[in-house]
Amino acid sequence: MSEPTGPGPLRVEDPGPATPDTADWTWVLRQPCPDCGFDPSRLEPTAVPALLRDASARYVSALARPQAQTRPREGVWSPVEYACHVRDVCDVMRGRLEQILAGGGEVVRFTDWDQDATALEKQYWRADPEVLREELRTAFEAAAAGYERPDGDEWGWPAVRSNGSEFTAGTLAVYFAHDIRHHLWDVNA
Ligand SMILES: [Zn+2]
């Protein structure tokens, strides 16, 4: 008998998946978001690292709330679950930028990332806020450092997502920044 690895089997008291987000959010590169107020025309990609560091501190304080582990409504992630999600978004988006830079200006193709499957697999609702706080800080700092790397023309280097959406390092940075900002709005932070 070996020890189980990972978060273990689902339990009856587990809250189950949140309502999946299947929207294609690439429109936020062209127009302001009516929910969180993010305006892509007002953000330079070079400002993204500062935005990430600011957001990191705000997510960390949201985790300190007494209700951080409570879902506000059925099907809606708790602040802890959102924090797990943005931690993983930071890692994915850092990796995608690295892929673009490694491509040297050739079009690179991103692999799929199913955020809702990841949430279930990692059982976000069971995350320990104390542990998560450190993981968040680490993931945000690594992403911020990553997005400080591109220089000049590199911001225009291309990529394509599996659904055909085209990005550059610059639009990826803005897209990523919106995601992070939007979820701050989701958790009121
Ligand atoms: Zn938004």
# chains A, B, ... in the order shown; residues from 1 in each chain; ligands from 1
>>> residues_near_ligand(ligand="ligand 1", cutoff="12 Å", atoms="only C-alpha atoms and all ligand atoms", output="PDB file with N, CA and C atoms, in the first residue's frame")
ATOM      1  N   TRP A  25     -12.254  35.561 -24.431  1.00  0.00           N
ATOM      2  CA  TRP A  25     -12.089  36.901 -23.863  1.00  0.00           C
ATOM      3  C   TRP A  25     -11.196  37.805 -24.702  1.00  0.00           C
ATOM      4  N   THR A  26     -10.827  37.376 -25.925  1.00  0.00           N
ATOM      5  CA  THR A  26      -9.868  38.192 -26.681  1.00  0.00           C
ATOM      6  C   THR A  26     -10.428  39.565 -27.073  1.00  0.00           C
ATOM      7  N   TRP A  27     -11.751  39.758 -27.006  1.00  0.00           N
ATOM      8  CA  TRP A  27     -12.310  41.095 -27.290  1.00  0.00           C
ATOM      9  C   TRP A  27     -11.775  42.141 -26.321  1.00  0.00           C
ATOM     10  N   VAL A  28     -11.318  41.740 -25.148  1.00  0.00           N
ATOM     11  CA  VAL A  28     -10.797  42.740 -24.196  1.00  0.00           C
ATOM     12  C   VAL A  28      -9.518  43.422 -24.710  1.00  0.00           C
ATOM     13  N   LEU A  29      -8.955  42.899 -25.803  1.00  0.00           N
ATOM     14  CA  LEU A  29      -7.793  43.577 -26.399  1.00  0.00           C
ATOM     15  C   LEU A  29      -8.236  44.779 -27.233  1.00  0.00           C
ATOM     16  N   GLN A  31     -11.544  46.549 -26.694  1.00  0.00           N
ATOM     17  CA  GLN A  31     -12.495  47.474 -26.069  1.00  0.00           C
ATOM     18  C   GLN A  31     -12.490  47.301 -24.553  1.00  0.00           C
ATOM     19  N   PRO A  32     -12.937  48.341 -23.828  1.00  0.00           N
ATOM     20  CA  PRO A  32     -12.928  48.229 -22.370  1.00  0.00           C
ATOM     21  C   PRO A  32     -13.873  47.137 -21.874  1.00  0.00           C
ATOM     22  N   CYS A  33     -13.541  46.556 -20.743  1.00  0.00           N
ATOM     23  CA  CYS A  33     -14.382  45.523 -20.148  1.00  0.00           C
ATOM     24  C   CYS A  33     -15.493  46.202 -19.338  1.00  0.00           C
ATOM     25  N   PRO A  34     -16.763  45.914 -19.671  1.00  0.00           N
ATOM     26  CA  PRO A  34     -17.858  46.571 -18.959  1.00  0.00           C
ATOM     27  C   PRO A  34     -17.955  46.143 -17.495  1.00  0.00           C
ATOM     28  N   ASP A  35     -17.385  45.018 -17.139  1.00  0.00           N
ATOM     29  CA  ASP A  35     -17.460  44.544 -15.749  1.00  0.00           C
ATOM     30  C   ASP A  35     -16.416  45.218 -14.873  1.00  0.00           C
ATOM     31  N   CYS A  36     -15.138  45.017 -15.223  1.00  0.00           N
ATOM     32  CA  CYS A  36     -14.077  45.482 -14.318  1.00  0.00           C
ATOM     33  C   CYS A  36     -13.531  46.851 -14.706  1.00  0.00           C
ATOM     34  N   GLY A  37     -13.929  47.367 -15.889  1.00  0.00           N
ATOM     35  CA  GLY A  37     -13.490  48.700 -16.296  1.00  0.00           C
ATOM     36  C   GLY A  37     -12.105  48.741 -16.931  1.00  0.00           C
ATOM     37  N   PHE A  38     -11.481  47.596 -17.094  1.00  0.00           N
ATOM     38  CA  PHE A  38     -10.144  47.542 -17.717  1.00  0.00           C
ATOM     39  C   PHE A  38     -10.215  48.104 -19.132  1.00  0.00           C
ATOM     40  N   ASP A  39      -9.292  49.017 -19.459  1.00  0.00           N
ATOM     41  CA  ASP A  39      -9.267  49.610 -20.797  1.00  0.00           C
ATOM     42  C   ASP A  39      -7.920  49.285 -21.454  1.00  0.00           C
ATOM     43  N   PRO A  40      -7.935  48.403 -22.473  1.00  0.00           N
ATOM     44  CA  PRO A  40      -6.668  47.948 -23.065  1.00  0.00           C
ATOM     45  C   PRO A  40      -5.891  49.083 -23.729  1.00  0.00           C
ATOM     46  N   VAL A 174      -1.176  42.238 -22.311  1.00  0.00           N
ATOM     47  CA  VAL A 174      -2.385  43.006 -21.995  1.00  0.00           C
ATOM     48  C   VAL A 174      -3.543  42.058 -21.659  1.00  0.00           C
ATOM     49  N   TYR A 175      -3.640  40.979 -22.411  1.00  0.00           N
ATOM     50  CA  TYR A 175      -4.678  39.971 -22.170  1.00  0.00           C
ATOM     51  C   TYR A 175      -4.528  39.372 -20.758  1.00  0.00           C
ATOM     52  N   PHE A 176      -3.318  39.044 -20.429  1.00  0.00           N
ATOM     53  CA  PHE A 176      -2.973  38.496 -19.102  1.00  0.00           C
ATOM     54  C   PHE A 176      -3.339  39.520 -18.010  1.00  0.00           C
ATOM     55  N   ALA A 177      -2.960  40.779 -18.243  1.00  0.00           N
ATOM     56  CA  ALA A 177      -3.229  41.822 -17.251  1.00  0.00           C
ATOM     57  C   ALA A 177      -4.734  41.964 -17.007  1.00  0.00           C
ATOM     58  N   HIS A 178      -5.511  41.876 -18.097  1.00  0.00           N
ATOM     59  CA  HIS A 178      -6.966  41.967 -17.894  1.00  0.00           C
ATOM     60  C   HIS A 178      -7.464  40.816 -17.032  1.00  0.00           C
ATOM     61  N   ASP A 179      -6.994  39.621 -17.314  1.00  0.00           N
ATOM     62  CA  ASP A 179      -7.455  38.456 -16.560  1.00  0.00           C
ATOM     63  C   ASP A 179      -7.224  38.660 -15.053  1.00  0.00           C
ATOM     64  N   ILE A 180      -6.039  39.141 -14.741  1.00  0.00           N
ATOM     65  CA  ILE A 180      -5.665  39.360 -13.346  1.00  0.00           C
ATOM     66  C   ILE A 180      -6.533  40.465 -12.709  1.00  0.00           C
ATOM     67  N   ARG A 181      -6.722  41.549 -13.448  1.00  0.00           N
ATOM     68  CA  ARG A 181      -7.558  42.643 -12.971  1.00  0.00           C
ATOM     69  C   ARG A 181      -9.016  42.222 -12.801  1.00  0.00           C
ATOM     70  N   HIS A 182      -9.503  41.473 -13.790  1.00  0.00           N
ATOM     71  CA  HIS A 182     -10.908  41.073 -13.791  1.00  0.00           C
ATOM     72  C   HIS A 182     -11.233  40.229 -12.559  1.00  0.00           C
ATOM     73  N   HIS A 183     -10.326  39.334 -12.215  1.00  0.00           N
ATOM     74  CA  HIS A 183     -10.590  38.478 -11.052  1.00  0.00           C
ATOM     75  C   HIS A 183     -10.450  39.252  -9.738  1.00  0.00           C
ATOM     76  N   LEU A 184      -9.688  40.346  -9.749  1.00  0.00           N
ATOM     77  CA  LEU A 184      -9.698  41.219  -8.558  1.00  0.00           C
ATOM     78  C   LEU A 184     -11.099  41.798  -8.385  1.00  0.00           C
ATOM     79  N   TRP A 185     -11.696  42.181  -9.504  1.00  0.00           N
ATOM     80  CA  TRP A 185     -13.078  42.672  -9.483  1.00  0.00           C
ATOM     81  C   TRP A 185     -14.011  41.557  -9.000  1.00  0.00           C
ATOM     82  N   ASP A 186     -13.788  40.333  -9.469  1.00  0.00           N
ATOM     83  CA  ASP A 186     -14.604  39.196  -9.033  1.00  0.00           C
ATOM     84  C   ASP A 186     -14.583  39.013  -7.522  1.00  0.00           C
TER      85      ASP A 186
END
>>> residues_around(residues="Gln99 of chain A", least_positions_apart="3", cutoff="10 Å", atoms="only C-alpha atoms", output="ChimeraX atom specification")
/A:93-96,102-104,107-110,159,169
>>> write_last_selection(atoms="N, CA and C atoms", output="compact mmCIF listing (two decimals), in the first residue's frame")
# COMPACT_ATOMS: atom_id res chain seq x y z
N MET A 93 0.84 31.96 -18.23
CA MET A 93 1.16 33.13 -19.05
C MET A 93 2.66 33.43 -19.06
N ARG A 94 3.33 33.12 -17.99
CA ARG A 94 4.79 33.25 -17.97
C ARG A 94 5.39 32.26 -18.98
N GLY A 95 4.89 31.03 -18.95
CA GLY A 95 5.37 30.00 -19.88
C GLY A 95 5.11 30.38 -21.33
N ARG A 96 3.94 30.98 -21.59
CA ARG A 96 3.61 31.33 -22.97
C ARG A 96 4.53 32.44 -23.48
N ALA A 102 11.49 32.31 -26.91
CA ALA A 102 12.33 31.23 -27.40
C ALA A 102 12.14 31.02 -28.90
N GLY A 103 10.97 31.43 -29.42
CA GLY A 103 10.68 31.27 -30.85
C GLY A 103 11.47 32.23 -31.73
N GLY A 104 12.06 33.24 -31.12
CA GLY A 104 12.92 34.14 -31.87
C GLY A 104 12.22 34.91 -32.99
N VAL A 107 6.31 32.25 -35.54
CA VAL A 107 5.02 32.04 -34.88
C VAL A 107 5.09 30.79 -34.00
N VAL A 108 4.76 30.92 -32.72
CA VAL A 108 4.71 29.74 -31.86
C VAL A 108 3.25 29.41 -31.57
N ARG A 109 3.01 28.15 -31.25
CA ARG A 109 1.64 27.67 -31.03
C ARG A 109 1.49 27.26 -29.56
N PHE A 110 0.54 27.90 -28.88
CA PHE A 110 0.32 27.56 -27.47
C PHE A 110 -0.42 26.24 -27.35
N ALA A 159 2.31 34.66 -31.81
CA ALA A 159 1.90 33.34 -31.31
C ALA A 159 0.46 33.11 -31.75
N ALA A 169 3.65 39.08 -28.17
CA ALA A 169 4.06 39.18 -26.77
C ALA A 169 3.32 40.35 -26.10
>>> select_by_dssp(residues="chain A", states="alpha helix (DSSP H)", output="ChimeraX atom specification")
/A:48-63,79-102,115-121,129-146,169-186
>>> residues_around(residues="Gly105 of chain A", least_positions_apart="4", cutoff="12 Å", atoms="only C-alpha atoms", output="list in words")
Leu97, Glu98, Gln99, Ile100, Leu101, Pro150, Asp153, Glu154, Trp155, Gly156, Trp157, Pro158, Ala159, Thr168 and Ala169 of chain A
>>> residues_around(residues="segment 71-84 of chain A", least_positions_apart="5", cutoff="8 Å", atoms="only C-alpha atoms", output="PDB file with C-alpha atoms, in the first residue's frame")
ATOM      1  CA  PRO A  17     -17.164  22.501 -10.211  1.00  0.00           C
ATOM      2  CA  ALA A  18     -17.971  26.168 -10.584  1.00  0.00           C
ATOM      3  CA  THR A  19     -19.856  27.240 -13.683  1.00  0.00           C
ATOM      4  CA  TYR A  59      -5.020  38.958  -3.735  1.00  0.00           C
ATOM      5  CA  ALA A  62      -8.267  39.032   0.043  1.00  0.00           C
ATOM      6  CA  LEU A  63      -7.006  35.678   1.350  1.00  0.00           C
ATOM      7  CA  ALA A 119      -9.500  23.660 -10.863  1.00  0.00           C
ATOM      8  CA  TYR A 124      -8.843  24.510  -5.512  1.00  0.00           C
ATOM      9  CA  TRP A 125     -11.453  24.667  -2.740  1.00  0.00           C
ATOM     10  CA  ALA A 127      -6.232  25.078  -0.698  1.00  0.00           C
ATOM     11  CA  PRO A 129      -4.783  30.115   2.525  1.00  0.00           C
ATOM     12  CA  LEU A 132      -1.483  29.733  -1.022  1.00  0.00           C
ATOM     13  CA  LEU A 136       0.749  33.499  -5.006  1.00  0.00           C
ATOM     14  CA  HIS A 183     -10.590  38.478 -11.052  1.00  0.00           C
ATOM     15  CA  VAL A 187     -13.320  39.008  -5.464  1.00  0.00           C
TER      16      VAL A 187
END
>>> closest_residue(among="A:Val92, A:Leu10, A:Ser61, A:Thr46", to="Ala142 of chain A", atoms="only C-alpha atoms")
A:Val92
>>> closest_residue(among="A:Val131, A:Leu120, A:Ala139, A:Val160", to="Pro20 of chain A", atoms="only C-alpha atoms")
A:Leu120
>>> closest_residue(among="A:Thr70, A:Pro45, A:Glu130, A:Glu121", to="Arg149 of chain A", atoms="only C-alpha atoms")
A:Pro45
>>> residues_around(residues="Arg53 of chain A", least_positions_apart="5", cutoff="9 Å", atoms="only C-alpha atoms", output="ChimeraX atom specification")
/A:48,58,137,140-141,144
>>> select_by_dssp(residues="chain A", states="strand (DSSP E or B)", output="list in words")
Val108, Arg109, Pro158, Ala159, Val160, Glu166, Phe167 and Thr168 of chain A
>>> write_last_selection(atoms="N, CA and C atoms", output="PDB file, in the first residue's frame")
ATOM      1  N   VAL A 108       4.761  30.921 -32.723  1.00  0.00           N
ATOM      2  CA  VAL A 108       4.713  29.741 -31.857  1.00  0.00           C
ATOM      3  C   VAL A 108       3.252  29.405 -31.574  1.00  0.00           C
ATOM      4  N   ARG A 109       3.007  28.146 -31.251  1.00  0.00           N
ATOM      5  CA  ARG A 109       1.640  27.665 -31.027  1.00  0.00           C
ATOM      6  C   ARG A 109       1.488  27.264 -29.560  1.00  0.00           C
ATOM      7  N   PRO A 158       5.140  36.877 -32.629  1.00  0.00           N
ATOM      8  CA  PRO A 158       3.790  36.307 -32.719  1.00  0.00           C
ATOM      9  C   PRO A 158       3.597  34.928 -32.072  1.00  0.00           C
ATOM     10  N   ALA A 159       2.309  34.656 -31.807  1.00  0.00           N
ATOM     11  CA  ALA A 159       1.898  33.340 -31.315  1.00  0.00           C
ATOM     12  C   ALA A 159       0.463  33.114 -31.751  1.00  0.00           C
ATOM     13  N   VAL A 160       0.072  31.857 -31.743  1.00  0.00           N
ATOM     14  CA  VAL A 160      -1.324  31.544 -32.037  1.00  0.00           C
ATOM     15  C   VAL A 160      -1.815  30.519 -31.016  1.00  0.00           C
ATOM     16  N   GLU A 166      -4.872  34.993 -32.528  1.00  0.00           N
ATOM     17  CA  GLU A 166      -3.483  35.408 -32.717  1.00  0.00           C
ATOM     18  C   GLU A 166      -3.072  36.408 -31.649  1.00  0.00           C
ATOM     19  N   PHE A 167      -1.870  36.224 -31.156  1.00  0.00           N
ATOM     20  CA  PHE A 167      -1.305  37.116 -30.147  1.00  0.00           C
ATOM     21  C   PHE A 167       0.071  37.571 -30.590  1.00  0.00           C
ATOM     22  N   THR A 168       0.540  38.636 -29.909  1.00  0.00           N
ATOM     23  CA  THR A 168       1.960  38.965 -29.917  1.00  0.00           C
ATOM     24  C   THR A 168       2.366  38.943 -28.436  1.00  0.00           C
TER      25      THR A 168
END
>>> atom_distance(atom1="atom CA of Asp114 of chain A", atom2="atom CA of Val89 of chain A")
10.8 Å
>>> atom_distance(atom1="atom CA of Ala50 of chain A", atom2="atom CA of Gln69 of chain A")
27.4 Å
